[in-house]
$ cat target_20.cif   # mmCIF, C-alpha atoms
data_model
loop_
_atom_site.label_atom_id
_atom_site.label_comp_id
_atom_site.auth_asym_id
_atom_site.auth_seq_id
_atom_site.Cartn_x
_atom_site.Cartn_y
_atom_site.Cartn_z
CA ASP X 1 8.67 7.44 -13.98
CA GLN X 2 9.14 5.07 -11.07
CA GLN X 3 9.69 7.41 -8.13
CA VAL X 4 10.13 4.53 -5.69
CA LYS X 5 12.16 1.53 -6.75
CA GLN X 6 12.67 -1.81 -5.12
CA ASN X 7 15.21 -3.34 -7.42
CA SER X 8 15.27 -6.79 -5.85
CA PRO X 9 12.07 -8.66 -6.70
CA SER X 10 12.97 -11.45 -4.30
CA LEU X 11 15.30 -12.33 -1.46
CA SER X 12 15.99 -15.57 0.39
CA VAL X 13 17.51 -15.59 3.86
CA GLN X 14 18.25 -18.32 6.34
CA GLU X 15 16.24 -18.27 9.58
CA GLY X 16 18.07 -16.36 12.31
CA ARG X 17 20.11 -14.27 9.88
CA ILE X 18 19.58 -10.65 8.92
CA SER X 19 17.25 -9.69 6.08
CA ILE X 20 18.00 -6.40 4.33
CA LEU X 21 15.40 -5.01 1.97
CA ASN X 22 16.33 -1.96 -0.07
CA CYS X 23 14.36 0.90 -1.52
CA ASP X 24 15.52 3.84 -3.66
CA TYR X 25 13.57 6.97 -4.44
CA THR X 26 14.02 9.84 -6.84
CA ASN X 27 11.75 12.52 -5.39
CA SER X 28 13.79 14.75 -3.08
CA MET X 29 10.55 16.18 -1.68
CA PHE X 30 9.65 12.90 0.02
CA ASP X 31 9.67 13.46 3.75
CA TYR X 32 7.93 10.41 5.12
CA PHE X 33 8.34 6.74 4.35
CA LEU X 34 6.38 3.64 5.26
CA TRP X 35 7.13 -0.06 5.03
CA TYR X 36 4.29 -2.52 4.59
CA LYS X 37 4.25 -6.29 4.76
CA LYS X 38 1.82 -8.31 2.66
CA TYR X 39 0.88 -11.95 2.98
CA PRO X 40 -0.91 -13.74 0.11
CA ALA X 41 -4.65 -13.03 -0.06
CA GLU X 42 -4.35 -10.31 2.57
CA GLY X 43 -4.03 -6.56 2.42
CA PRO X 44 -0.76 -4.74 3.14
CA THR X 45 -0.08 -4.35 6.86
CA PHE X 46 1.82 -1.36 8.21
CA LEU X 47 5.20 -2.34 9.59
CA ILE X 48 7.34 0.70 10.37
CA SER X 49 7.77 4.31 9.32
CA ILE X 50 10.47 6.95 9.22
CA SER X 51 10.42 10.69 8.90
CA SER X 52 13.06 12.50 6.88
CA ILE X 53 14.26 14.27 10.03
CA LYS X 54 15.56 10.93 11.28
CA ASP X 55 18.06 8.49 9.83
CA LYS X 56 16.96 5.47 11.82
CA ASN X 57 13.83 4.08 13.42
CA GLU X 58 13.67 0.85 15.33
CA ASP X 59 10.76 -1.33 16.42
CA GLY X 60 11.69 -4.68 17.88
CA ARG X 61 13.31 -6.82 15.21
CA PHE X 62 12.66 -4.21 12.53
CA THR X 63 14.88 -1.21 11.83
CA VAL X 64 14.57 1.23 8.97
CA PHE X 65 17.55 3.31 7.89
CA LEU X 66 17.25 6.43 5.77
CA ASN X 67 20.12 7.93 3.76
CA LYS X 68 18.73 11.16 2.37
CA SER X 69 21.82 12.09 0.39
CA ALA X 70 21.67 8.77 -1.44
CA LYS X 71 17.86 8.77 -1.56
CA HIS X 72 17.94 5.27 -0.18
CA LEU X 73 16.23 3.48 2.65
CA SER X 74 16.57 -0.05 3.91
CA LEU X 75 14.61 -2.32 6.21
CA HIS X 76 16.59 -4.65 8.44
CA ILE X 77 14.97 -7.65 10.06
CA VAL X 78 17.03 -9.31 12.76
CA PRO X 79 16.73 -12.16 13.42
CA SER X 80 14.66 -13.29 10.47
CA GLN X 81 11.88 -15.77 11.16
CA PRO X 82 9.87 -17.99 8.80
CA GLY X 83 6.77 -15.91 9.62
CA ASP X 84 8.52 -12.91 8.07
CA SER X 85 8.15 -14.51 4.64
CA ALA X 86 5.99 -12.04 2.75
CA VAL X 87 6.13 -9.27 0.16
CA TYR X 88 7.48 -6.00 1.52
CA PHE X 89 6.54 -2.64 0.03
CA CYS X 90 8.15 0.70 0.73
CA ALA X 91 6.25 3.91 0.09
CA GLY X 92 7.21 7.57 0.11
CA SER X 93 5.19 10.74 0.57
CA SER X 94 5.94 14.45 0.24
CA GLY X 95 3.86 15.67 3.13
CA THR X 96 0.53 14.58 1.70
CA TYR X 97 -1.73 11.55 1.58
CA LYS X 98 -0.23 10.60 -1.79
CA TYR X 99 2.06 7.69 -1.10
CA ILE X 100 4.07 6.33 -4.00
CA PHE X 101 4.64 2.62 -3.58
CA GLY X 102 7.48 0.50 -4.81
CA THR X 103 6.88 -2.76 -6.67
CA GLY X 104 7.69 -4.90 -3.64
CA THR X 105 10.32 -7.45 -2.63
CA ARG X 106 9.31 -11.02 -1.87
CA LEU X 107 11.20 -12.25 1.19
CA LYS X 108 11.52 -15.94 1.86
CA VAL X 109 12.98 -16.98 5.19
CA LEU X 110 14.25 -20.53 5.06
CA ALA X 111 13.89 -22.70 8.15
CA ILE B 1 -12.18 -4.93 15.47
CA ALA B 2 -12.79 -5.57 11.76
CA GLY B 3 -10.93 -2.54 10.42
CA ILE B 4 -11.65 -2.46 6.71
CA THR B 5 -13.99 -4.91 5.05
CA GLN B 6 -14.03 -5.36 1.29
CA ALA B 7 -16.55 -7.29 -0.78
CA PRO B 8 -16.57 -9.35 -2.84
CA THR B 9 -13.32 -11.19 -2.24
CA SER B 10 -13.08 -12.04 -5.89
CA GLN B 11 -15.18 -11.60 -9.01
CA ILE B 12 -15.13 -12.61 -12.65
CA LEU B 13 -16.87 -10.05 -14.79
CA ALA B 14 -17.78 -9.87 -18.46
CA ALA B 15 -16.43 -6.85 -20.30
CA GLY B 16 -18.98 -4.07 -20.54
CA ARG B 17 -20.72 -4.96 -17.31
CA ARG B 18 -21.08 -2.60 -14.37
CA MET B 19 -19.51 -3.55 -11.06
CA THR B 20 -19.35 -1.97 -7.63
CA LEU B 21 -16.67 -2.96 -5.17
CA ARG B 22 -17.69 -2.35 -1.59
CA CYS B 23 -15.54 -1.01 1.22
CA THR B 24 -16.57 -0.38 4.81
CA GLN B 25 -14.43 0.77 7.71
CA ASP B 26 -15.22 0.84 11.41
CA MET B 27 -12.35 3.01 12.60
CA ARG B 28 -14.17 6.31 12.02
CA HIS B 29 -11.32 7.47 9.80
CA ASN B 30 -11.93 10.58 7.78
CA ALA B 31 -9.84 9.64 4.76
CA MET B 32 -10.37 6.65 2.49
CA TYR B 33 -8.61 5.45 -0.63
CA TRP B 34 -8.86 2.97 -3.48
CA TYR B 35 -5.72 1.42 -4.97
CA ARG B 36 -5.08 -1.16 -7.64
CA GLN B 37 -2.16 -3.54 -7.59
CA ASP B 38 -0.80 -4.98 -10.81
CA LEU B 39 2.13 -7.31 -11.39
CA GLY B 40 5.37 -5.37 -11.76
CA LEU B 41 3.79 -2.16 -10.52
CA GLY B 42 3.36 -0.76 -7.05
CA LEU B 43 -0.02 0.06 -5.62
CA ARG B 44 -1.50 2.93 -7.59
CA LEU B 45 -4.06 5.33 -6.21
CA ILE B 46 -7.36 5.43 -8.09
CA HIS B 47 -9.52 7.78 -6.02
CA TYR B 48 -9.55 9.14 -2.50
CA SER B 49 -11.91 10.90 -0.13
CA ASN B 50 -11.04 13.43 2.52
CA THR B 51 -14.34 13.20 4.35
CA ALA B 52 -17.94 12.25 3.72
CA GLY B 53 -19.24 14.14 0.73
CA THR B 54 -15.87 14.86 -0.88
CA THR B 55 -13.81 12.79 -3.32
CA GLY B 56 -10.74 13.33 -5.45
CA LYS B 57 -8.87 11.73 -8.32
CA GLY B 58 -5.71 9.78 -7.81
CA GLU B 59 -3.07 8.60 -10.24
CA VAL B 60 -5.26 6.27 -12.37
CA PRO B 61 -8.91 7.43 -12.08
CA ASP B 62 -10.15 6.80 -15.63
CA GLY B 63 -12.95 4.25 -15.86
CA TYR B 64 -13.70 4.40 -12.13
CA SER B 65 -16.00 6.45 -9.96
CA VAL B 66 -16.47 6.67 -6.20
CA SER B 67 -18.91 8.13 -3.73
CA ARG B 68 -18.72 8.89 -0.03
CA ALA B 69 -22.22 9.19 1.37
CA ASN B 70 -21.07 8.61 4.94
CA THR B 71 -17.90 8.14 6.96
CA ASP B 72 -17.85 4.35 6.86
CA ASP B 73 -18.54 3.43 3.23
CA PHE B 74 -16.51 4.13 0.12
CA PRO B 75 -17.71 2.09 -2.89
CA LEU B 76 -15.76 1.95 -6.15
CA THR B 77 -17.76 1.58 -9.37
CA LEU B 78 -16.63 0.40 -12.79
CA ALA B 79 -19.36 1.69 -15.08
CA SER B 80 -18.37 -0.48 -18.05
CA ALA B 81 -15.57 -2.88 -17.21
CA VAL B 82 -12.68 -3.49 -19.62
CA PRO B 83 -10.02 -6.24 -19.50
CA SER B 84 -7.32 -3.73 -18.49
CA GLN B 85 -9.19 -3.30 -15.23
CA THR B 86 -8.29 -6.84 -14.26
CA SER B 87 -6.41 -6.27 -11.04
CA VAL B 88 -6.43 -6.62 -7.28
CA TYR B 89 -8.19 -3.69 -5.66
CA PHE B 90 -7.41 -2.49 -2.17
CA CYS B 91 -9.39 -0.08 -0.08
CA ALA B 92 -7.57 1.82 2.67
CA SER B 93 -8.26 4.43 5.28
CA SER B 94 -6.35 6.87 7.47
CA GLU B 95 -7.30 9.28 10.21
CA THR B 96 -6.87 12.26 7.91
CA LEU B 97 -5.38 13.12 4.55
CA ALA B 98 -2.44 14.85 6.21
CA GLY B 99 1.04 13.63 5.48
CA GLY B 100 2.52 11.13 7.88
CA ASN B 101 -0.73 9.28 8.40
CA ILE B 102 -0.57 5.52 8.28
CA GLN B 103 -2.96 3.97 5.82
CA TYR B 104 -4.73 0.77 6.85
CA PHE B 105 -5.72 -1.65 4.12
CA GLY B 106 -8.49 -4.15 3.52
CA ALA B 107 -7.84 -7.67 2.27
CA GLY B 108 -8.53 -6.76 -1.33
CA THR B 109 -10.87 -7.74 -4.16
CA ARG B 110 -9.45 -9.77 -7.02
CA LEU B 111 -11.27 -8.77 -10.19
CA SER B 112 -10.97 -10.48 -13.55
CA VAL B 113 -12.59 -8.82 -16.55
CA LEU B 114 -13.00 -11.14 -19.52
#
$ encode --input "target_20.cif" --output "structure tokens"
Amino acid sequence: DQQVKQNSPSLSVQEGRISILNCDYTNSMFDYFLWYKKYPAEGPTFLISISSIKDKNEDGRFTVFLNKSAKHLSLHIVPSQPGDSAVYFCAGSSGTYKYIFGTGTRLKVLA
Amino acid sequence: IAGITQAPTSQILAAGRRMTLRCTQDMRHNAMYWYRQDLGLGLRLIHYSNTAGTTGKGEVPDGYSVSRANTDDFPLTLASAVPSQTSVYFCASSETLAGGNIQYFGAGTRLSVL
């Protein structure tokens, strides 16, 4: 049972445009979500988080939106830069240390 | 600041051999974790530790053991490696086990069991 799904394995976006990475979850008890970015041969790096009491959190070029009724969250990157090319993981937690990770979306930003 | 250091970076291991993956953190975090990442699957939790002296089982603990003798070190041992344990292993830490804590990851160990 895949509780966190990232249905797009890959995404290509032109430099300067918006990148939208999507994540769906099935566990209604999830109350905290994280997005991580991962470069090849490196560990995942924390990017941005959102609590279920919010529907939006913004940090510079990165914004995460949470739609609890649809059990859906999305990460927006504006404007996209070539250095954003990486694999992005979303993860959900129901108030504990146990994060359930999605399978990741590989973003490629084209110069 | 090093954060989390994992060793070795990569390893090829014969099936049946014993292997210990090392993990050291310098952030004085109480909680530490071991994950494996496999193609088509998200990171899956193997074992975790709340504090020195305590450990717990994650989602996929079979075939692995851990110890937490002190705050900084959290080694993962494969007592008798099998090919299905071929994976990339990530160690992580967070301030506590409480929900909402960000987990910080090491660079990973790529393990191939032949």
$ resolve_selection --input "target_20.cif" --expression "the PyMOL selection byres ((chain B and resi 69-74) around 9)" --output "number ranges by chain"
B: 21-34, 48-49, 51-54, 66-68, 75-76, 91
$ interface_residues --input "target_20.cif" --of "chain X" --to "chain B" --cutoff "12 Å" --atoms "all atoms listed in the file" --output "VMD selection string"
chain X and resid 1 to 9 30 to 52 87 to 105
$ residues_around --input "target_20.cif" --residues "segment 53-65 of chain X" --least-positions-apart "5" --cutoff "7 Å" --atoms "all atoms listed in the file" --output "ChimeraX atom specification"
/X:73-79
$ atom_distance --input "target_20.cif" --atom1 "atom CA of Ala70 of chain X" --atom2 "atom CA of Leu21 of chain X"
15.5 Å
$ atom_distance --input "target_20.cif" --atom1 "atom CA of Asp62 of chain B" --atom2 "atom CA of Thr86 of chain B"
13.8 Å
$ residues_around --input "target_20.cif" --residues "Gly16 of chain B" --least-positions-apart "3" --cutoff "8 Å" --atoms "only C-alpha atoms" --output "PDB file with C-alpha atoms, in the coordinates of the input"
ATOM      1  CA  ALA B  79     -19.360   1.690 -15.080  1.00  0.00           C
ATOM      2  CA  SER B  80     -18.370  -0.480 -18.050  1.00  0.00           C
ATOM      3  CA  ALA B  81     -15.570  -2.880 -17.210  1.00  0.00           C
ATOM      4  CA  VAL B  82     -12.680  -3.490 -19.620  1.00  0.00           C
TER       5      VAL B  82
END
$ atom_distance --input "target_20.cif" --atom1 "atom CA of Ser19 of chain X" --atom2 "atom CA of Asn67 of chain X"
18.0 Å
$ closest_residue --input "target_20.cif" --among "B:Val60, B:Leu13, B:Met19, B:Leu111" --to "Thr77 of chain B" --atoms "all atoms listed in the file"
B:Met19
$ residues_around --input "target_20.cif" --residues "Leu114 of chain B" --least-positions-apart "3" --cutoff "7 Å" --atoms "only C-alpha atoms" --output "mmCIF file with C-alpha atoms, keeping the file's coordinate frame"
data_model
loop_
_atom_site.group_PDB
_atom_site.id
_atom_site.type_symbol
_atom_site.label_atom_id
_atom_site.label_comp_id
_atom_site.auth_asym_id
_atom_site.auth_seq_id
_atom_site.Cartn_x
_atom_site.Cartn_y
_atom_site.Cartn_z
ATOM 1 C CA LEU B 13 -16.870 -10.050 -14.790
ATOM 2 C CA ALA B 14 -17.780 -9.870 -18.460
ATOM 3 C CA ALA B 15 -16.430 -6.850 -20.300
ATOM 4 C CA PRO B 83 -10.020 -6.240 -19.500
#
